[in-house]
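Notes follow once the structure below has been shown.
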Amino acid sequence: MSSEARTARPSRLLAELRLLLMAIQYFTRVPMPAWVGHSAENLGSTPRYFPAVGALIGAIGALVLWATSVVLPGPLPVILSTAFTVFMTGAFHEDGLADTFDGLGGGATRERALEIMKDSRLGTFGTAALVLTLLVKIAALSELPVTFAIVVLIAGHAFSRACAVTLIFAGNLVSNPELSRARAVAQTMGRGELIFALVVGIAPLYCCGTHAIAGFVCSVVVLYVLARWFMHRLGGFTGDTLGATQQLTEIAFYLGVLASWKSF
């Protein structure tokens, strides 16, 4: 191997590590070293790592779930685990979910819906969607044995972000690029980047056994319905609808796994 090749490999690995850490920095409150930096140009290459970030968030949530289940009864461990993951992400995706339902629920036209989604105030549709989403998530995970809920939690967080990445790949950003929080990450993706994201997002499903099949199917169906809905109402996706996609496909995965678990 030439000296140039030996030098290029560590540089490439360092560049990829920086992208991964930038993705973690963008979507979580986890502090990153100063050398990671914050570059809008580099953020455009981070979507392929979103499922990895999801797996990390799910793993930490699973750790909280396991630790609290040792001393606390009933649904409390799941509630605390969910609360911790919301805190970790700064309610980033939950905010997108609420804004999406406020906009699409209260906006009769495309322009009005986008205007409402930019409003920082929380409306009736958004509040209802947020509360119901959290309740369904907690109820679904509480019905599973803790040891199984741990792996389901990790898989759900990872795969739901792969679903959001798929929307980035297949759709187009319709909100004002100068104002959208998603402008840095919602850039054109290569097919190889999508495949990498899907592999990382799907890999944890293996730990859920055959029950993951039902969760996978439910998530994909919800992704398809959402994509058609967003295209029909908005002509594409926004940063908020990406958050809604992550939340709703995550819940769909839990419900599919739970239905399979209860059936067999």
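Labels used: A, B, ... for chains in the order of the structure tokens, numbers from 1 for residues in each chain, and numbers from 1 for ligands as shown.
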Original post:
Neighbours of Asn42 in chain A within 8 Å (only C-alpha atoms; same-chain residues fewer than 4 positions away dropped), as a PyMOL selection string?
Top reply: chain A and resi 19+38+46
**OP:** Name the residues in contact with Ser219 in chain A at a cut-off of 9 Å, using only C-alpha atoms, excluding same-chain residues fewer than 2 positions from it; report them as a ChimeraX atom specification.
**Re:** /A:159-160,163,214-217,221-224,248-254,256
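Counting only C-alpha atoms, Leu194 in chain A has the following residues at most 10 Å away, ignoring those fewer than 3 positions along the same chain: Pro47, Arg48, Tyr49, Ala162, Val165, Thr166, Ile168, Phe169, Ala170, Met189, Gly190, Arg191, Ala197, Leu198, Val199 and Val200 of chain A.
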**OP:** Find the spatial neighbours of Thr82 in chain A, counting only C-alpha atoms, within a cut-off of 9 Å - ignore same-chain residues fewer than 2 positions away - and output them as an MDAnalysis selection string.
**Re:** chainID A and resid 61 65 77:80 84:87 134 137:138
Export all heavy atoms of the chosen residues as a JSON list (two decimals), in the first residue's frame?
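Below is the file selection.json, written as the result:
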[["chain", "number", "residue", "atom", "x", "y", "z"],
["A", 61, "GLY", "N", -32.23, 5.26, 25.88],
["A", 61, "GLY", "CA", -33.58, 5.11, 26.42],
["A", 61, "GLY", "C", -33.80, 3.70, 26.97],
["A", 61, "GLY", "O", -34.45, 3.52, 28.00],
["A", 65, "LEU", "N", -34.78, 2.47, 30.69],
["A", 65, "LEU", "CA", -35.90, 1.55, 30.88],
["A", 65, "LEU", "C", -35.49, 0.37, 31.74],
["A", 65, "LEU", "O", -36.19, 0.00, 32.69],
["A", 65, "LEU", "CB", -36.41, 1.08, 29.52],
["A", 65, "LEU", "CG", -37.50, -0.01, 29.52],
["A", 65, "LEU", "CD1", -38.73, 0.46, 30.27],
["A", 65, "LEU", "CD2", -37.85, -0.39, 28.09],
["A", 77, "PRO", "N", -41.29, 2.85, 34.28],
["A", 77, "PRO", "CA", -40.02, 2.78, 33.55],
["A", 77, "PRO", "C", -40.14, 3.25, 32.11],
["A", 77, "PRO", "O", -39.26, 3.96, 31.60],
["A", 77, "PRO", "CB", -39.66, 1.30, 33.63],
["A", 77, "PRO", "CG", -40.30, 0.82, 34.88],
["A", 77, "PRO", "CD", -41.61, 1.56, 34.94],
["A", 78, "VAL", "N", -41.23, 2.89, 31.43],
["A", 78, "VAL", "CA", -41.43, 3.32, 30.05],
["A", 78, "VAL", "C", -41.65, 4.83, 29.99],
["A", 78, "VAL", "O", -41.14, 5.51, 29.09],
["A", 78, "VAL", "CB", -42.61, 2.58, 29.41],
["A", 78, "VAL", "CG1", -42.88, 3.12, 28.00],
["A", 78, "VAL", "CG2", -42.33, 1.09, 29.33],
["A", 79, "ILE", "N", -42.41, 5.36, 30.94],
["A", 79, "ILE", "CA", -42.65, 6.80, 30.97],
["A", 79, "ILE", "C", -41.34, 7.56, 31.15],
["A", 79, "ILE", "O", -41.07, 8.54, 30.45],
["A", 79, "ILE", "CB", -43.64, 7.16, 32.11],
["A", 79, "ILE", "CG1", -45.02, 6.58, 31.81],
["A", 79, "ILE", "CG2", -43.72, 8.67, 32.29],
["A", 79, "ILE", "CD1", -46.01, 6.74, 32.94],
["A", 80, "LEU", "N", -40.52, 7.10, 32.09],
["A", 80, "LEU", "CA", -39.25, 7.77, 32.33],
["A", 80, "LEU", "C", -38.30, 7.62, 31.15],
["A", 80, "LEU", "O", -37.57, 8.56, 30.80],
["A", 80, "LEU", "CB", -38.61, 7.21, 33.61],
["A", 80, "LEU", "CG", -39.34, 7.54, 34.91],
["A", 80, "LEU", "CD1", -38.68, 6.82, 36.08],
["A", 80, "LEU", "CD2", -39.36, 9.04, 35.16],
["A", 84, "PHE", "N", -36.86, 10.68, 28.93],
["A", 84, "PHE", "CA", -35.42, 10.89, 28.77],
["A", 84, "PHE", "C", -35.04, 11.04, 27.30],
["A", 84, "PHE", "O", -34.20, 11.87, 26.95],
["A", 84, "PHE", "CB", -34.64, 9.71, 29.39],
["A", 84, "PHE", "CG", -33.19, 10.03, 29.64],
["A", 84, "PHE", "CD1", -32.81, 10.70, 30.78],
["A", 84, "PHE", "CD2", -32.22, 9.67, 28.72],
["A", 84, "PHE", "CE1", -31.47, 11.01, 31.01],
["A", 84, "PHE", "CE2", -30.89, 9.97, 28.93],
["A", 84, "PHE", "CZ", -30.51, 10.64, 30.09],
["A", 85, "THR", "N", -35.66, 10.24, 26.43],
["A", 85, "THR", "CA", -35.36, 10.38, 25.00],
["A", 85, "THR", "C", -35.86, 11.71, 24.45],
["A", 85, "THR", "O", -35.22, 12.31, 23.59],
["A", 85, "THR", "CB", -35.97, 9.22, 24.19],
["A", 85, "THR", "OG1", -37.40, 9.19, 24.38],
["A", 85, "THR", "CG2", -35.38, 7.89, 24.60],
["A", 86, "VAL", "N", -37.00, 12.18, 24.96],
["A", 86, "VAL", "CA", -37.50, 13.50, 24.55],
["A", 86, "VAL", "C", -36.53, 14.58, 25.00],
["A", 86, "VAL", "O", -36.22, 15.51, 24.24],
["A", 86, "VAL", "CB", -38.90, 13.75, 25.15],
["A", 86, "VAL", "CG1", -39.33, 15.20, 24.90],
["A", 86, "VAL", "CG2", -39.93, 12.81, 24.53],
["A", 87, "PHE", "N", -36.03, 14.46, 26.22],
["A", 87, "PHE", "CA", -35.05, 15.43, 26.72],
["A", 87, "PHE", "C", -33.77, 15.38, 25.89],
["A", 87, "PHE", "O", -33.19, 16.41, 25.56],
["A", 87, "PHE", "CB", -34.73, 15.15, 28.19],
["A", 87, "PHE", "CG", -33.59, 15.96, 28.72],
["A", 87, "PHE", "CD1", -33.78, 17.29, 29.05],
["A", 87, "PHE", "CD2", -32.32, 15.41, 28.87],
["A", 87, "PHE", "CE1", -32.71, 18.06, 29.54],
["A", 87, "PHE", "CE2", -31.26, 16.17, 29.35],
["A", 87, "PHE", "CZ", -31.47, 17.50, 29.68],
["A", 134, "LEU", "N", -47.63, 10.30, 22.43],
["A", 134, "LEU", "CA", -46.88, 9.88, 23.62],
["A", 134, "LEU", "C", -47.63, 8.79, 24.38],
["A", 134, "LEU", "O", -47.02, 7.82, 24.87],
["A", 134, "LEU", "CB", -46.61, 11.08, 24.53],
["A", 134, "LEU", "CG", -45.62, 12.11, 23.99],
["A", 134, "LEU", "CD1", -45.58, 13.34, 24.88],
["A", 134, "LEU", "CD2", -44.22, 11.50, 23.87],
["A", 137, "LYS", "N", -47.37, 5.49, 22.45],
["A", 137, "LYS", "CA", -46.01, 4.97, 22.55],
["A", 137, "LYS", "C", -45.79, 4.31, 23.92],
["A", 137, "LYS", "O", -45.26, 3.18, 24.00],
["A", 137, "LYS", "CB", -45.00, 6.10, 22.35],
["A", 137, "LYS", "CG", -43.56, 5.67, 22.32],
["A", 137, "LYS", "CD", -42.62, 6.86, 22.19],
["A", 137, "LYS", "CE", -42.86, 7.66, 20.94],
["A", 137, "LYS", "NZ", -41.84, 8.73, 20.75],
["A", 138, "ILE", "N", -46.17, 4.99, 24.96],
["A", 138, "ILE", "CA", -45.98, 4.46, 26.31],
["A", 138, "ILE", "C", -46.83, 3.22, 26.54],
["A", 138, "ILE", "O", -46.36, 2.21, 27.10],
["A", 138, "ILE", "CB", -46.32, 5.55, 27.36],
["A", 138, "ILE", "CG1", -45.27, 6.66, 27.31],
["A", 138, "ILE", "CG2", -46.41, 4.95, 28.76],
["A", 138, "ILE", "CD1", -45.64, 7.90, 28.09]]
Original post:
Do you know which residues are at most 12 Å from range 96-100 of chain A counting only C-alpha atoms, after dropping those on the same chain fewer than 6 positions away, and could you put them as a ChimeraX atom specification?
Top reply: /A:89-90,106-107,113-134,180-182,226,229-230,233-234,237-249
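As for CA of Ala212 in chain A and CA of Tyr26 in chain A, they are spaced 28.4 Å apart.
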Original post:
In range 29-210 of chain A, what's alpha helix (DSSP H) per DSSP? Answer as a PyMOL selection string?
Top reply: chain A and resi 40-43+50-69+76-89+92-106+110-118+124-142+146-170+191-202
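If you look at CA of Leu144 in chain A and CA of Lys262 in chain A, they are 9.1 Å away from each other.
Each of A:Ile154, A:Ala15, A:Val225, A:Ala91 was compared to Ala62 in chain A using only C-alpha atoms, and A:Ile154 turns out to be the nearest.
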